[in-house]
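Source file: data_2.cif (mmCIF, C-alpha atoms)
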data_target
loop_
_atom_site.label_atom_id
_atom_site.label_comp_id
_atom_site.auth_asym_id
_atom_site.auth_seq_id
_atom_site.Cartn_x
_atom_site.Cartn_y
_atom_site.Cartn_z
CA MET A 1 14.61 150.02 -108.15
CA ASP A 2 14.32 152.27 -105.14
CA THR A 3 11.71 149.89 -103.78
CA LEU A 4 13.95 146.88 -104.36
CA ALA A 5 16.86 148.60 -102.71
CA LEU A 6 14.73 149.48 -99.73
CA GLU A 7 13.50 145.92 -99.38
CA ALA A 8 17.07 144.62 -99.61
CA LYS A 9 18.07 147.04 -96.93
CA ASN A 10 15.20 145.98 -94.72
CA VAL A 11 16.02 142.30 -95.22
CA GLY A 12 19.66 142.67 -94.34
CA GLY A 13 19.08 145.07 -91.48
CA PRO A 14 18.05 142.70 -88.69
CA ASP A 15 20.84 140.24 -89.48
CA SER A 16 23.39 142.95 -89.28
CA GLU A 17 21.89 144.13 -85.99
CA LYS A 18 22.10 140.60 -84.56
CA LYS A 19 25.73 140.30 -85.52
CA SER A 20 26.60 143.63 -84.00
CA ALA A 21 24.73 142.96 -80.68
CA PRO A 22 27.13 142.25 -77.78
CA ARG A 23 27.07 138.71 -76.41
CA ALA A 24 26.19 138.09 -72.72
CA ARG A 25 29.15 137.05 -70.67
CA PRO A 26 28.86 133.56 -69.15
CA LYS A 27 28.42 133.50 -65.39
CA PRO A 28 31.52 132.46 -63.51
CA PRO A 29 31.25 128.99 -61.93
CA LYS A 30 30.14 128.96 -58.29
CA LYS A 31 32.86 128.30 -55.84
CA ALA A 32 32.40 125.04 -53.95
CA LYS A 33 31.53 125.59 -50.32
CA ARG A 34 34.34 124.81 -48.01
CA ILE A 35 33.54 121.96 -45.60
CA VAL A 36 34.77 122.53 -42.07
CA TYR A 37 35.71 119.15 -40.68
CA PHE A 38 35.66 118.34 -37.00
CA GLU A 39 38.29 116.75 -34.83
CA VAL A 40 36.74 114.41 -32.29
CA GLU A 41 38.49 112.94 -29.29
CA ILE A 42 36.92 110.24 -27.17
CA LEU A 43 37.89 110.06 -23.50
CA ASP A 44 37.14 107.48 -20.84
CA LEU A 45 34.40 108.80 -18.57
CA LYS A 46 36.06 107.59 -15.37
CA THR A 47 39.81 107.92 -15.99
CA LYS A 48 39.68 110.78 -18.56
CA GLU A 49 42.20 108.78 -20.60
CA LYS A 50 42.18 109.49 -24.33
CA LEU A 51 40.86 106.41 -26.13
CA LEU A 52 40.70 107.64 -29.71
CA LEU A 53 41.27 110.73 -31.85
CA LEU A 54 39.15 111.03 -35.00
CA ASP A 55 40.37 113.47 -37.64
CA LYS A 56 38.32 115.00 -40.47
CA VAL A 57 34.89 114.02 -39.17
CA GLU A 58 32.14 115.46 -41.35
CA PRO A 59 29.91 118.02 -39.65
CA THR A 60 26.77 116.14 -40.71
CA SER A 61 27.90 112.99 -38.90
CA THR A 62 25.54 111.68 -36.25
CA VAL A 63 26.44 110.36 -32.83
CA LEU A 64 25.75 106.88 -34.21
CA ASP A 65 28.32 107.51 -36.98
CA ILE A 66 30.91 108.45 -34.36
CA LYS A 67 30.08 105.30 -32.41
CA ALA A 68 30.61 103.25 -35.58
CA LEU A 69 34.04 104.85 -36.11
CA PHE A 70 34.94 104.16 -32.49
CA HIS A 71 33.80 100.55 -32.94
CA LYS A 72 36.22 100.08 -35.85
CA SER A 73 39.14 100.89 -33.55
CA ASN A 74 37.69 99.01 -30.57
CA PRO A 75 35.68 96.00 -31.85
CA LYS A 76 34.58 94.89 -28.38
CA TRP A 77 32.59 98.11 -27.91
CA TYR A 78 29.85 97.85 -30.52
CA PRO A 79 27.58 100.92 -30.94
CA ALA A 80 24.73 99.62 -28.77
CA ARG A 81 27.19 99.14 -25.91
CA GLN A 82 28.51 102.70 -26.06
CA SER A 83 27.25 105.75 -24.20
CA LEU A 84 28.73 109.10 -25.25
CA HIS A 85 28.48 112.29 -23.19
CA LEU A 86 29.55 115.90 -23.75
CA ASP A 87 30.38 116.16 -20.07
CA PRO A 88 31.09 113.49 -17.45
CA LYS A 89 27.93 114.52 -15.57
CA SER A 90 25.66 115.13 -18.57
CA LYS A 91 23.07 112.78 -20.06
CA SER A 92 23.95 110.31 -22.77
CA LEU A 93 23.68 111.69 -26.30
CA ARG A 94 21.02 110.29 -28.60
CA ASP A 95 22.17 108.38 -31.66
CA GLU A 96 20.34 110.68 -34.07
CA GLU A 97 21.91 113.92 -32.81
CA ILE A 98 24.11 115.65 -35.43
CA LEU A 99 27.64 116.77 -34.65
CA GLN A 100 27.36 120.31 -36.02
CA THR A 101 24.24 121.00 -33.96
CA LEU A 102 25.90 120.09 -30.67
CA PRO A 103 27.34 122.83 -28.42
CA VAL A 104 30.95 122.01 -29.34
CA GLY A 105 33.71 123.65 -31.38
CA THR A 106 35.55 122.13 -34.31
CA THR A 107 37.51 120.16 -31.73
CA ALA A 108 34.95 118.13 -29.81
CA SER A 109 35.47 115.93 -26.78
CA PHE A 110 33.17 113.02 -25.99
CA TYR A 111 33.22 110.99 -22.78
CA PHE A 112 32.69 107.28 -23.23
CA SER A 113 31.10 104.84 -20.79
CA ASP A 114 30.56 101.14 -21.33
CA LEU A 115 26.93 100.03 -20.96
CA GLY A 116 27.95 96.39 -20.75
CA ALA A 117 26.75 93.48 -22.84
CA GLN A 118 23.44 94.23 -24.56
CA VAL A 119 20.43 92.14 -25.54
CA ALA A 120 17.54 93.01 -27.87
CA TRP A 121 14.39 94.35 -26.23
CA GLY A 122 12.30 91.86 -28.19
CA THR A 123 14.27 89.00 -26.67
CA VAL A 124 13.71 90.41 -23.19
CA PHE A 125 9.96 90.78 -23.73
CA LEU A 126 9.62 87.25 -25.04
CA THR A 127 11.63 85.80 -22.16
CA GLU A 128 9.57 87.78 -19.66
CA CYS A 129 6.34 86.35 -21.08
CA VAL A 130 7.26 82.75 -21.89
CA GLY A 131 8.59 82.15 -18.36
CA PRO A 132 5.39 83.05 -16.45
CA LEU A 133 3.28 81.18 -18.98
CA LEU A 134 5.17 77.93 -18.45
CA MET A 135 5.67 78.51 -14.74
CA TYR A 136 1.95 78.86 -14.10
CA LEU A 137 1.12 75.74 -16.12
CA MET A 138 3.56 73.69 -14.02
CA PHE A 139 1.50 74.46 -10.92
CA TYR A 140 -1.81 74.10 -12.73
CA PHE A 141 -0.97 70.53 -13.80
CA ARG A 142 0.44 69.90 -10.31
CA LEU A 143 3.73 68.44 -11.39
CA PRO A 144 5.56 66.26 -8.82
CA PHE A 145 7.57 67.88 -6.01
CA ILE A 146 5.23 70.90 -5.86
CA TYR A 147 2.41 69.68 -3.61
CA ASN A 148 1.91 66.46 -1.67
CA SER A 149 2.58 63.43 -3.85
CA LYS A 150 -1.05 62.31 -3.64
CA TYR A 151 -2.01 65.44 -5.63
CA ASP A 152 0.44 64.83 -8.49
CA PHE A 153 -1.21 65.47 -11.87
CA THR A 154 -4.63 65.95 -10.31
CA THR A 155 -7.02 68.75 -11.21
CA SER A 156 -8.91 71.19 -9.01
CA LYS A 157 -12.61 70.73 -8.38
CA HIS A 158 -13.21 74.50 -8.50
CA TRP A 159 -14.10 75.89 -11.94
CA VAL A 160 -12.58 79.27 -11.08
CA VAL A 161 -9.12 77.63 -10.91
CA HIS A 162 -9.44 76.49 -14.52
CA LEU A 163 -10.83 79.89 -15.52
CA ALA A 164 -7.88 81.62 -13.85
CA CYS A 165 -5.43 79.41 -15.77
CA MET A 166 -7.12 80.29 -19.06
CA CYS A 167 -7.05 84.01 -18.27
CA HIS A 168 -3.42 83.96 -17.14
CA SER A 169 -2.36 82.00 -20.23
CA PHE A 170 -4.39 84.27 -22.51
CA HIS A 171 -2.70 87.35 -21.05
CA TYR A 172 0.84 86.14 -21.67
CA ILE A 173 0.10 84.58 -25.07
CA LYS A 174 -1.37 87.96 -26.06
CA ARG A 175 1.81 89.71 -24.90
CA ILE A 176 3.98 87.30 -26.89
CA LEU A 177 1.95 87.85 -30.07
CA GLU A 178 2.02 91.63 -29.55
CA THR A 179 5.80 91.54 -29.15
CA LEU A 180 6.13 89.62 -32.42
CA PHE A 181 3.55 91.43 -34.55
CA VAL A 182 2.38 94.69 -32.96
CA HIS A 183 5.04 96.50 -30.96
CA ARG A 184 7.52 98.79 -32.67
CA ILE A 185 10.30 99.04 -30.13
CA SER A 186 12.18 102.35 -30.34
CA HIS A 187 15.03 101.22 -28.08
CA GLY A 188 17.02 98.50 -29.80
CA THR A 189 18.78 96.95 -26.82
CA MET A 190 19.05 96.92 -23.06
CA PRO A 191 21.81 95.74 -20.69
CA LEU A 192 22.02 91.97 -20.46
CA ARG A 193 21.95 92.11 -16.66
CA ASN A 194 18.43 93.57 -16.80
CA ILE A 195 17.01 90.40 -18.30
CA PHE A 196 17.73 88.56 -15.04
CA LYS A 197 16.07 91.30 -12.99
CA ASN A 198 13.01 91.49 -15.24
CA CYS A 199 12.60 87.75 -15.57
CA GLY A 200 13.09 87.25 -11.84
CA TYR A 201 10.26 89.70 -11.17
CA TYR A 202 7.75 88.12 -13.57
CA TRP A 203 8.74 84.49 -13.08
CA CYS A 204 8.76 84.60 -9.27
CA PHE A 205 5.43 86.39 -9.03
CA ALA A 206 3.88 83.92 -11.49
CA ALA A 207 5.10 81.00 -9.38
CA TRP A 208 3.86 82.63 -6.16
CA MET A 209 0.39 83.29 -7.60
CA ALA A 210 0.12 79.88 -9.25
CA TYR A 211 1.14 78.04 -6.09
CA TYR A 212 -1.83 79.40 -4.10
CA ILE A 213 -4.45 79.50 -6.86
CA ASN A 214 -3.79 75.89 -7.85
CA HIS A 215 -3.21 74.62 -4.32
CA PRO A 216 -5.42 71.64 -3.35
CA LEU A 217 -6.70 73.62 -0.35
CA TYR A 218 -7.57 76.76 -2.36
CA THR A 219 -10.99 78.24 -1.58
CA PRO A 220 -12.93 80.25 -4.21
CA ALA A 221 -14.04 83.87 -3.91
CA PHE A 222 -16.18 84.75 -0.88
CA TYR A 223 -19.07 86.16 -2.93
CA GLY A 224 -19.15 83.21 -5.31
CA GLN A 225 -20.01 83.34 -8.98
CA GLN A 226 -21.02 87.00 -8.94
CA GLN A 227 -17.55 88.04 -7.76
CA VAL A 228 -15.83 85.70 -10.21
CA LYS A 229 -17.90 86.99 -13.14
CA THR A 230 -17.26 90.61 -12.17
CA GLY A 231 -13.52 89.95 -12.11
CA LEU A 232 -13.69 88.04 -15.41
CA TYR A 233 -15.60 90.78 -17.26
CA THR A 234 -13.18 93.41 -15.93
CA PHE A 235 -10.24 91.28 -17.03
CA LEU A 236 -11.56 90.74 -20.56
CA PHE A 237 -12.63 94.36 -21.01
CA CYS A 238 -9.20 95.65 -20.01
CA GLN A 239 -7.40 93.12 -22.18
CA LEU A 240 -9.31 94.37 -25.23
CA GLY A 241 -8.57 97.95 -24.21
CA ASN A 242 -4.89 97.21 -23.72
CA PHE A 243 -4.63 95.65 -27.18
CA SER A 244 -6.48 98.58 -28.78
CA THR A 245 -4.11 101.15 -27.25
CA HIS A 246 -1.10 99.12 -28.37
CA VAL A 247 -2.38 99.28 -31.95
CA VAL A 248 -2.70 103.08 -31.68
CA LEU A 249 0.84 103.38 -30.31
CA ARG A 250 2.11 101.19 -33.15
CA ASN A 251 0.47 103.37 -35.79
CA VAL A 252 2.03 106.61 -34.49
CA LYS A 253 5.51 105.14 -34.88
CA THR A 254 7.18 104.96 -38.28
CA PRO A 255 9.23 101.78 -38.80
CA GLY A 256 12.91 102.46 -38.15
CA SER A 257 12.25 106.00 -36.88
CA LYS A 258 12.55 107.45 -33.39
CA VAL A 259 10.37 110.48 -34.15
CA LYS A 260 7.63 110.85 -31.55
CA LYS A 261 4.02 111.77 -32.30
CA ILE A 262 1.05 112.45 -30.04
CA PRO A 263 -1.32 109.46 -29.89
CA TYR A 264 -4.98 110.39 -30.26
CA PRO A 265 -8.25 108.45 -29.86
CA THR A 266 -9.63 106.65 -32.91
CA LYS A 267 -13.10 105.39 -33.80
CA ASN A 268 -12.47 102.40 -31.55
CA PRO A 269 -14.26 103.18 -28.24
CA PHE A 270 -11.51 101.46 -26.26
CA THR A 271 -9.09 104.18 -27.42
CA TRP A 272 -11.22 107.12 -26.28
CA ILE A 273 -9.40 107.05 -22.96
CA PHE A 274 -6.48 108.69 -24.80
CA ALA A 275 -8.43 111.93 -24.36
CA LEU A 276 -7.86 111.71 -20.60
CA VAL A 277 -4.70 109.67 -20.09
CA SER A 278 -1.21 109.72 -21.63
CA CYS A 279 -0.53 106.01 -21.06
CA PRO A 280 -3.87 104.16 -21.24
CA ASN A 281 -2.05 100.91 -21.97
CA TYR A 282 -0.86 101.01 -18.35
CA THR A 283 -4.36 101.98 -17.20
CA TYR A 284 -5.83 98.92 -18.88
CA GLU A 285 -3.00 96.73 -17.58
CA LEU A 286 -3.82 97.85 -14.05
CA GLY A 287 -7.48 97.05 -14.66
CA THR A 288 -6.54 93.61 -15.99
CA TRP A 289 -4.81 92.62 -12.77
CA LEU A 290 -7.47 94.21 -10.59
CA GLY A 291 -9.99 91.99 -12.36
CA PHE A 292 -7.77 88.95 -11.87
CA THR A 293 -7.43 89.82 -8.19
CA VAL A 294 -11.19 90.06 -7.74
CA MET A 295 -11.75 86.83 -9.65
CA THR A 296 -9.23 84.73 -7.70
CA GLN A 297 -9.34 86.55 -4.33
CA CYS A 298 -5.67 85.69 -3.90
CA VAL A 299 -3.26 87.78 -1.80
CA PRO A 300 -0.17 87.20 -4.02
CA VAL A 301 -2.16 88.46 -7.02
CA ALA A 302 -3.18 91.58 -5.09
CA PHE A 303 0.44 92.19 -4.08
CA PHE A 304 1.58 91.75 -7.69
CA THR A 305 -1.07 94.27 -8.78
CA ILE A 306 0.10 96.86 -6.22
CA VAL A 307 3.78 96.50 -7.13
CA GLY A 308 2.94 96.65 -10.83
CA PHE A 309 0.81 99.75 -10.29
CA VAL A 310 3.68 101.56 -8.55
CA GLN A 311 6.12 100.68 -11.34
CA MET A 312 3.70 101.57 -14.15
CA THR A 313 2.94 104.89 -12.46
CA ILE A 314 6.65 105.74 -12.50
CA TRP A 315 6.87 104.85 -16.20
CA ALA A 316 3.66 106.73 -17.03
CA LYS A 317 4.77 109.90 -15.23
CA GLY A 318 8.08 109.83 -17.09
CA LYS A 319 6.37 109.43 -20.47
CA HIS A 320 3.82 112.12 -19.63
CA ARG A 321 6.58 114.60 -18.76
CA GLY A 322 8.31 113.71 -22.01
CA TYR A 323 5.15 114.40 -24.03
CA VAL A 324 4.53 117.75 -22.30
CA LYS A 325 8.15 118.82 -22.76
CA GLU A 326 8.36 117.85 -26.44
CA PHE A 327 4.94 118.98 -27.69
CA ARG A 328 3.69 122.51 -26.98
CA ASP A 329 0.19 121.61 -28.15
CA TYR A 330 -0.05 118.52 -25.94
CA PRO A 331 -3.59 118.12 -24.52
CA THR A 332 -3.68 119.69 -21.05
CA LEU A 333 -6.59 117.54 -19.89
CA ARG A 334 -4.54 114.34 -19.89
CA SER A 335 -3.22 112.74 -16.71
CA SER A 336 -0.46 110.14 -16.55
CA ILE A 337 -2.29 106.90 -15.78
CA ILE A 338 -5.57 107.56 -13.89
CA PRO A 339 -7.93 110.25 -15.29
CA PHE A 340 -8.04 113.45 -13.22
CA ILE A 341 -6.14 111.82 -10.34
CA LEU A 342 -2.66 110.60 -11.24
#

Can you present the structure in this file as structure tokens?
Amino acid sequence: MDTLALEAKNVGGPDSEKKSAPRARPKPPKKAKRIVYFEVEILDLKTKEKLLLLDKVEPTSTVLDIKALFHKSNPKWYPARQSLHLDPKSKSLRDEEILQTLPVGTTASFYFSDLGAQVAWGTVFLTECVGPLLMYLMFYFRLPFIYNSKYDFTTSKHWVVHLACMCHSFHYIKRILETLFVHRISHGTMPLRNIFKNCGYYWCFAAWMAYYINHPLYTPAFYGQQQVKTGLYTFLFCQLGNFSTHVVLRNVKTPGSKVKKIPYPTKNPFTWIFALVSCPNYTYELGTWLGFTVMTQCVPVAFFTIVGFVQMTIWAKGKHRGYVKEFRDYPTLRSSIIPFIL
């Protein structure tokens, strides 16, 4: 009996201990974090007149979100047409910048300027390329009212004239296809007025070059076939290089993102120039027109090459500075457009 009593005691013991053990108190619910909303006023950059006051703007809102809110109150100023500044003399804010990271208090003032009517970059590129393509062909086929009427719809007796037409057409058809299928354009729009400036530049130069190359009195290169072939091989080599670098630049950009990455050479030998140059697409473009100049021995082509080189150098220097400023580990050996020189 003593054994049975002991066993009964042992059996009941743990249960009684569990019942007597104090229960853990439940943790109090976490208090929701208080969101500090911003008050945003938008002023006219020139007159300093208050255009809109936005209340209770979330701190995680981007500049693009603020533009969208401004657009609701002013439908004529769509986001792409707006430029917002923290100060009348400061640079325009990027769309992806976040309100709470900007050097402003809970009451923020933005200065608005109108960029004017906008047009998509893709549209501009296509217009730039289609115009010269058609313009050159008009002179190549010697349409009426261009040369003397006796030359209407005649063809040149020089094979280099036909070769030049094929190269010129190939260049601009390539650019059209790249615009449609290769390029990832980070900037969505540009001012509409720029399309007239850009098209005027490309269209007029194309007409000037085509007029002399396809002229009935045109004379071929001084050094004959050797000079023409040298120019042709340079042209084709640089066109392949230009396309290869465009593919690299496409692959470093994520669709719909404005995040920048450093482009590096790939297994493609045409891309190895990335080790020495920040903008090899401009380097190859320069080589393309140098080859076309040698092939045609035409002064307007040479002038177009020089002007294009100056403009591309300005663009390349700007992009190079941007790379160096944004990336601490950017390769120090790289130049802007010409290895070791420029």

Who sits within 8 Å of A:Ile213, only C-alpha atoms, same chain under 2 positions skipped, as a PyMOL selection string: chain A and resi 161+209-211+215+218+296+298

Would you write out, as a tab-separated table, a table of all residues in stretch 109-173 of chain A that have an atom no more than 9 Å from an atom of stretch 74-95 of chain A, listing for each the closest atom pair and the distance in Å to one decimal, considering only C-alpha atoms and ordering rows by chain and rising residue number?
residue	atom	partner	partner_atom	distance
A:Ser109	CA	A:Leu86	CA	6.7
A:Phe110	CA	A:Leu86	CA	5.1
A:Tyr111	CA	A:His85	CA	4.9
A:Phe112	CA	A:Leu84	CA	4.8
A:Ser113	CA	A:Ser83	CA	5.2
A:Asp114	CA	A:Gln82	CA	5.4
A:Leu115	CA	A:Arg81	CA	5.0
A:Gly116	CA	A:Arg81	CA	5.9
A:Ala117	CA	A:Arg81	CA	6.5
A:Gln118	CA	A:Arg81	CA	6.3

With only C-alpha atoms counted and 12 Å as the cut-off, give the residues of stretch 120-229 of chain A in contact with stretch 257-272 of chain A, each with its shortest interatomic distance in Å and the pair that gives it, as a Markdown table.
| residue | atom | partner | partner_atom | distance |
| --- | --- | --- | --- | --- |
| A:Arg184 | CA | A:Ser257 | CA | 9.6 |
| A:Ile185 | CA | A:Lys258 | CA | 9.3 |
| A:Ser186 | CA | A:Lys258 | CA | 6.0 |
| A:His187 | CA | A:Lys258 | CA | 8.6 |
| A:Gly188 | CA | A:Lys258 | CA | 10.6 |

Length of the atom CA of A:Pro255 to atom CA of A:Phe181 vector [Å]: 12.5 Å

Expected selection from the PyMOL selection byres ((chain A and resi 194) around 12), given as a list in words: Leu115, Gly116, Ala117, Gln118, Val119, Ala120, Trp121, Thr123, Val124, Phe125, Thr127, Glu128, Thr189, Met190, Pro191, Leu192, Arg193, Ile195, Phe196, Lys197, Asn198, Cys199, Gly200 and Tyr201 of chain A
